[in-house]
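Working notes for the structure below.
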Number of protein chains: 2
Amino acid sequence: MTRRADYAVTRTPHAADLIGQEGSAQRIPTPALVLDLDLLERNLAYMAVHCEKYGLGLRPHAKTHKSANIARLQMEAGAVGICCAKLAEAEALAAKGIHKLFLTSPVVTPGSFARVAELTRHVEELIVTVDNQKTALELDQAAADAGVVVGAAVDLDVGLHRTGIAPGIGASALAHFIDGSANLHFRGLQAYAGHLMHVGAFEERKAKSLDAMHQLKEMRDSLAQEGIACEILTGGGTGTFNIDPEAGVLTDLQGGSYVFMDREYNEVPIANNAPIPFETALFVQNTVISNNVPGIATTDAGLKSFSTDADPPIIVSGAPDGASYFFFGDEQGGIALADKAQTIDLGAAIRCVVPHCDPTVNLYDWYHCVRGDVLVDIWPVDARGCSQ
Amino acid sequence: MTRRADYAVTRTPHAADLIGQEGSAQRIPTPALVLDLDLLERNLAYMAVHCEKYGLGLRPHAKTHKSANIARLQMEAGAVGICCAKLAEAEALAAKGIHKLFLTSPVVTPGSFARVAELTRHVEELIVTVDNQKTALELDQAAADAGVVVGAAVDLDVGLHRTGIAPGIGASALAHFIDGSANLHFRGLQAYAGHLMHVGAFEERKAKSLDAMHQLKEMRDSLAQEGIACEILTGGGTGTFNIDPEAGVLTDLQGGSYVFMDREYNEVPIANNAPIPFETALFVQNTVISNNVPGIATTDAGLKSFSTDADPPIIVSGAPDGASYFFFGDEQGGIALADKAQTIDLGAAIRCVVPHCDPTVNLYDWYHCVRGDVLVDIWPVDARGCSQ
């Protein structure tokens with residue numbers, strides 16, 4: 001029914017002509033991801049300085065931003081490499097020149113071993129995580145078939161029980177297999193305690209995180225006694241950025257959300273109930289399209305324009321005080337006004353903090369980059385939808 | 001920072017080489033939208049026959065499928081036109097040859113009036129809905145500026161209170177303005193009772209729907225007395241497909257979800273508690289990527305691969321009886337096994353009914369079209385992300 005050439009999907013943005021115009025940030029066709037570059041840069045700098053202060057590497061996670069431009073800024077700020085959640089995400093960033101990549105999720109799906117071998121040829125460094133013997137064998141074979149040496153790390157399950165292998169004899173055997181293979185290059189261990197990132201009480205989050213890091217340290221020491229050195233011990237996240245250095249075991253931190261922040265992370269306190277030091281740099285801008293009903297304005301951003309796995313968006317500008325956003329179907333949002341006598345003009349731009357940044361970004365093809373009230377650039381979400 | 005050419009986003013699928021191979025449906029790189037064409041065709045035929053039986057037009061909603069191929073099948077089955085939720089969605093379908101379009105949501109965002117005028121030049125029929133005088137004036141001006149006549153319908157609020165103008169004097173004035181403008185062509189009324197589509201009790205849904213349709217009928221009759229004929233009276237949806245004909249007022253039905261179905265609509269009973277007659281044709285296929293933890297298998301489809309605004313996906317194949325899917329973060333799903341002694345092989349393909357079809361489709365670039373166990377084609381989701 002379709003011709004082969006039709007398989008490709010190409011899109012161009014509507015806002016390109018607005019770039020550089022005064023007040024253009026208010027006129028972006030919506031719903032749109034709006035990225036405040038001044039705040040983004042402050043977040044990038046804060047985390048870079050933090051890691052440097054503790055002598056840690058930073059291996060930020062691109063699953064949050066899926067953007068080669070942001071990955072490049074992170075590398076320029078001193079990152080040791082970029083994490084990707086999926087192989088297709090790594091392929092998309094590699095195609096845009098990001099050449100030090102670490103794959104945090106096991107590669108198992110059909111055809112993916114050959115794709116790993118192929119990607120290895122094209123980048124400076126690719127490290128994939130492995131959590132079982134079967135995958136290690138298939139990866140070894142694919143590397144041999146392609147005549148490349150594939151970098152691999154063992155994914156350690158320190159309590160999340162999602163991916164990874166429990167610390168112990170099985171994990172040790174896996175490290176030995178990789179280390180002994182001529183087609184694989186053992187690089188170290190990953191330990192991600194994702195179940196702890198949003199634990200509300202700081203002291204509880206800290207105690208559990210230190211315990212998870214202790215499991216990693218024991219595994220590292222045990223491998224060292226068996227003659228295997230771990231060059232890389234990677235893990236952590238935005239929610240434990242100020243806990244992980246104390247554990248003294250990770251060689252690099254993996255935070256992702258710190259670049260943008262979102263409603264979820266804004267509600268996670270750090271020590272002494274201080275707010276997390278990163279600033280909200282990412283917003284979804286939407287526009288009022290109907291206002292005939294007292295007390296309600298309807299906007300053009302609904303279930304297709306925000307992730308819905310966390311509490312709803314929070315309005316930061318464009319609506320009177322006390323107004324709140326509610327989902328109003330696939331295509332629309334509702335603004336509940338505090339007073340029925342209030343109204344919002346048709347065409348008004350309303351900016352919202354997103355519920356959860358990663359799945360929200362994954363809905364959009366572009367970042368609309370602003371400084372103050374000016375649209376200054378449009379960046380593609382290069383790896384949008386690249387979950388394969 | 002980026003060059004202008006970088007604004008475009010282009011992607012190509014991984015599965016093209018599998019097309020036509022025996023058993024290829026099981027080997028699609030995942031997470032992937034899988035569309036069973038045999039079932040899709042049955043759903044399309046059922047609705048076409050249903051509308052024909054009652055002498056109604058069908059104006060199916062593309063916000064569900066965002067696919068020019070499916071819109072074309074609907075037109076070939078007798079549809080009078082295709083509904084779009086957003087202007088960018090209509091533009092994307094028009095670019096692929098769909099030329100009878102009805103825009104169900106008001107057009108208000110910056111630059112959109114000129115885009116409506118431009119699109120009018122390129123298609124056989126474009127009708128936009130209007131729910132207030134200000135928008136009508138701006139549309140009139142944009143049409144005059146472009147030297148085109150824009151088709152318009154009044155969006156009537158029959159109880160959803162999301163968009164639309166309440167039946168009465170204001171709505172009548174709006175119809176008169178459009179009818180009297182040399183730059184606009186009054187086509188009729190839209191009345192969508194979206195708040196009733198999932199009402200669980202059939203008799204309640206029926207009573208409320210007939211009341212909403214009665215409001216539409218009164219408005220039509222009142223306009224007729226004032227000398228304005230409504231050529232088009234459009235509304236309805238999958239949840240009221242067998243109620244709307246009885247009201248005897250709509251000229252055409254707007255269902256969207258009937259092409260695919262999803263968990264939400266599968267749980268909506270029709271008369272006598274019979275199941276809805278449409279079959280589930282759309283699935284998300286995901287793959288087991290880790291199985292080290294007793295009682296759990298981890299797949300590669302999480303919050304970025306399913307909509308999360310309804311109850312979780314339902315497994316239809318690939319896992320033992322009694323297994324259920326749960327969200328396990330942005331990138332992964334969990335399969336909770338009924339018995340801890342059970343396991344699922346790494347690489348196993350698991351097919352799930354999606355929670356809510358529209359926002360799930362909007363996450364993917366392609367439909368992987370299957371017949372039985374063979375991948376037979378790949379169709380782009382042409383208007384994915386086109387919410388502007």
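Chain labels follow the order of the structure tokens: the first chain is A, the next B, and so on; residue numbering restarts at 1 in every chain, and ligands are counted from 1 in their shown order.
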
Query raised in the report: Got a sec: who's within 8 Å of segment 334-341 of chain A, counting only C-alpha atoms, leaving out chain neighbours fewer than 2 positions off, as a PyMOL selection string?
Result: (chain A and resi 294-299+320-328+332+343) or (chain B and resi 162)

Would you write out those residues with C-alpha atoms, as a short mmCIF file (atom, residue, chain, number, x, y, z; two decimals), in the first residue's frame?
```cif
data_model
loop_
_atom_site.label_atom_id
_atom_site.label_comp_id
_atom_site.auth_asym_id
_atom_site.auth_seq_id
_atom_site.Cartn_x
_atom_site.Cartn_y
_atom_site.Cartn_z
CA PRO A 294 -17.62 31.14 33.60
CA GLY A 295 -14.68 30.12 35.77
CA ILE A 296 -12.99 28.01 33.10
CA ALA A 297 -10.64 28.68 30.22
CA THR A 298 -9.77 25.93 27.76
CA THR A 299 -6.25 25.57 26.36
CA PRO A 320 -4.51 34.92 37.39
CA ASP A 321 -3.29 33.87 40.84
CA GLY A 322 -5.07 30.82 42.17
CA ALA A 323 -5.76 29.32 38.75
CA SER A 324 -4.95 25.65 38.28
CA TYR A 325 -4.58 23.37 35.28
CA PHE A 326 -6.67 20.22 34.81
CA PHE A 327 -6.65 17.67 31.99
CA PHE A 328 -9.60 18.19 29.67
CA GLN A 332 -7.28 20.29 25.62
CA THR A 343 -11.54 35.31 32.60
CA ARG B 162 -14.77 22.48 26.97
#
```

Report task. Find the residues around segment 170-187 of chain A up to 8 Å (only C-alpha atoms counted), leave out those fewer than 2 positions away in its own chain, and share them as a PyMOL selection string. Result -> chain A and resi 127+131-133+136+140-141+143-144+147-154+156+165-168+189+219+223+228+230-232

Each residue of chain A with at least one atom at most 6 Å from chain B should appear once, together with its nearest atom pair and the corresponding distance in Å (one decimal); atoms considered: only C-alpha atoms; ordering: chain, then increasing residue number; output as JSON lines.
```
{"residue": "A:Ala8", "atom": "CA", "partner": "B:Thr12", "partner_atom": "CA", "distance": 4.5}
{"residue": "A:Val9", "atom": "CA", "partner": "B:Arg11", "partner_atom": "CA", "distance": 5.2}
{"residue": "A:Thr10", "atom": "CA", "partner": "B:Thr10", "partner_atom": "CA", "distance": 4.1}
{"residue": "A:Arg11", "atom": "CA", "partner": "B:Val9", "partner_atom": "CA", "distance": 5.2}
{"residue": "A:Thr12", "atom": "CA", "partner": "B:Ala8", "partner_atom": "CA", "distance": 4.6}
{"residue": "A:Arg27", "atom": "CA", "partner": "B:Pro110", "partner_atom": "CA", "distance": 5.7}
{"residue": "A:Pro29", "atom": "CA", "partner": "B:Pro110", "partner_atom": "CA", "distance": 5.9}
{"residue": "A:Thr30", "atom": "CA", "partner": "B:Gln388", "partner_atom": "CA", "distance": 5.1}
{"residue": "A:Pro31", "atom": "CA", "partner": "B:Gln388", "partner_atom": "CA", "distance": 5.7}
{"residue": "A:Val108", "atom": "CA", "partner": "B:Ile289", "partner_atom": "CA", "distance": 5.5}
{"residue": "A:Thr109", "atom": "CA", "partner": "B:Gly347", "partner_atom": "CA", "distance": 5.7}
{"residue": "A:Pro110", "atom": "CA", "partner": "B:Arg27", "partner_atom": "CA", "distance": 5.7}
{"residue": "A:Thr163", "atom": "CA", "partner": "B:Ser290", "partner_atom": "CA", "distance": 5.6}
{"residue": "A:Ile289", "atom": "CA", "partner": "B:Val108", "partner_atom": "CA", "distance": 5.5}
{"residue": "A:Ser290", "atom": "CA", "partner": "B:Thr163", "partner_atom": "CA", "distance": 5.6}
{"residue": "A:Lys304", "atom": "CA", "partner": "B:Pro359", "partner_atom": "CA", "distance": 5.3}
{"residue": "A:Thr308", "atom": "CA", "partner": "B:Thr308", "partner_atom": "CA", "distance": 5.8}
{"residue": "A:Asp309", "atom": "CA", "partner": "B:Thr308", "partner_atom": "CA", "distance": 5.8}
{"residue": "A:Gly347", "atom": "CA", "partner": "B:Thr109", "partner_atom": "CA", "distance": 5.7}
{"residue": "A:Pro359", "atom": "CA", "partner": "B:Lys304", "partner_atom": "CA", "distance": 5.3}
{"residue": "A:Gln388", "atom": "CA", "partner": "B:Thr30", "partner_atom": "CA", "distance": 5.1}
```

Query raised in the report: So which bits of segment 241-382 of chain B end up alpha helix (DSSP H) when you DSSP the backbone, as a PyMOL selection string?
Result: chain B and resi 244-247+263-266+357-361

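Nearest residue to Arg263 of chain A, choosing from A:Gly237, A:Pro275, A:Gly227, A:Pro313 and counting only C-alpha atoms: A:Pro313.
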
Requested in this report: Per DSSP on the backbone, filter segment 47-278 of chain A down to the residues in strand (DSSP E or B) and report them as a PyMOL selection string.
Outcome: chain A and resi 57-58+61+82-84+100-103+125-130+150-156+165+184-191+232-235+252-253

**Report entry** Exercise: segment 277-281 of chain A partners within 8 Å, only C-alpha atoms, chain neighbours under 4 positions left out, as JSON, numbers by chain
**Finding:** {"A": [35, 36, 37, 39, 40, 42, 43, 46, 258, 259, 260, 261, 262, 353]}

Those same residues, written as a compact mmCIF listing (two decimals), in the first residue's frame with N, CA and C atoms?
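part_3.txt was written with the following content:
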```
# COMPACT_ATOMS: atom_id res chain seq x y z
N LEU A 35 12.24 25.96 26.46
CA LEU A 35 13.44 25.72 27.27
C LEU A 35 14.15 27.05 27.51
N ASP A 36 14.26 27.43 28.78
CA ASP A 36 14.93 28.68 29.14
C ASP A 36 16.44 28.41 29.21
N LEU A 37 17.18 28.90 28.23
CA LEU A 37 18.60 28.55 28.13
C LEU A 37 19.42 29.10 29.28
N LEU A 39 18.54 29.35 32.38
CA LEU A 39 18.37 28.45 33.53
C LEU A 39 19.01 27.10 33.25
N LEU A 40 18.86 26.61 32.02
CA LEU A 40 19.53 25.36 31.64
C LEU A 40 21.03 25.45 31.91
N ARG A 42 22.62 27.39 33.93
CA ARG A 42 22.93 27.41 35.38
C ARG A 42 22.89 26.00 35.96
N ASN A 43 21.90 25.21 35.55
CA ASN A 43 21.80 23.83 36.06
C ASN A 43 23.01 23.00 35.63
N TYR A 46 26.01 24.10 37.69
CA TYR A 46 25.94 23.70 39.10
C TYR A 46 26.38 22.24 39.25
N TYR A 258 18.19 16.85 36.38
CA TYR A 258 18.74 18.11 36.91
C TYR A 258 18.80 19.20 35.83
N VAL A 259 18.87 18.82 34.57
CA VAL A 259 18.97 19.84 33.52
C VAL A 259 17.69 20.67 33.40
N PHE A 260 16.54 20.03 33.64
CA PHE A 260 15.24 20.68 33.41
C PHE A 260 14.44 20.90 34.70
N MET A 261 14.44 19.87 35.55
CA MET A 261 13.53 19.78 36.70
C MET A 261 12.07 19.65 36.24
N ASP A 262 11.22 19.26 37.20
CA ASP A 262 9.80 19.07 36.90
C ASP A 262 9.04 19.09 38.22
N VAL A 353 4.92 24.33 34.49
CA VAL A 353 5.92 23.33 34.87
C VAL A 353 5.33 21.97 34.56
```
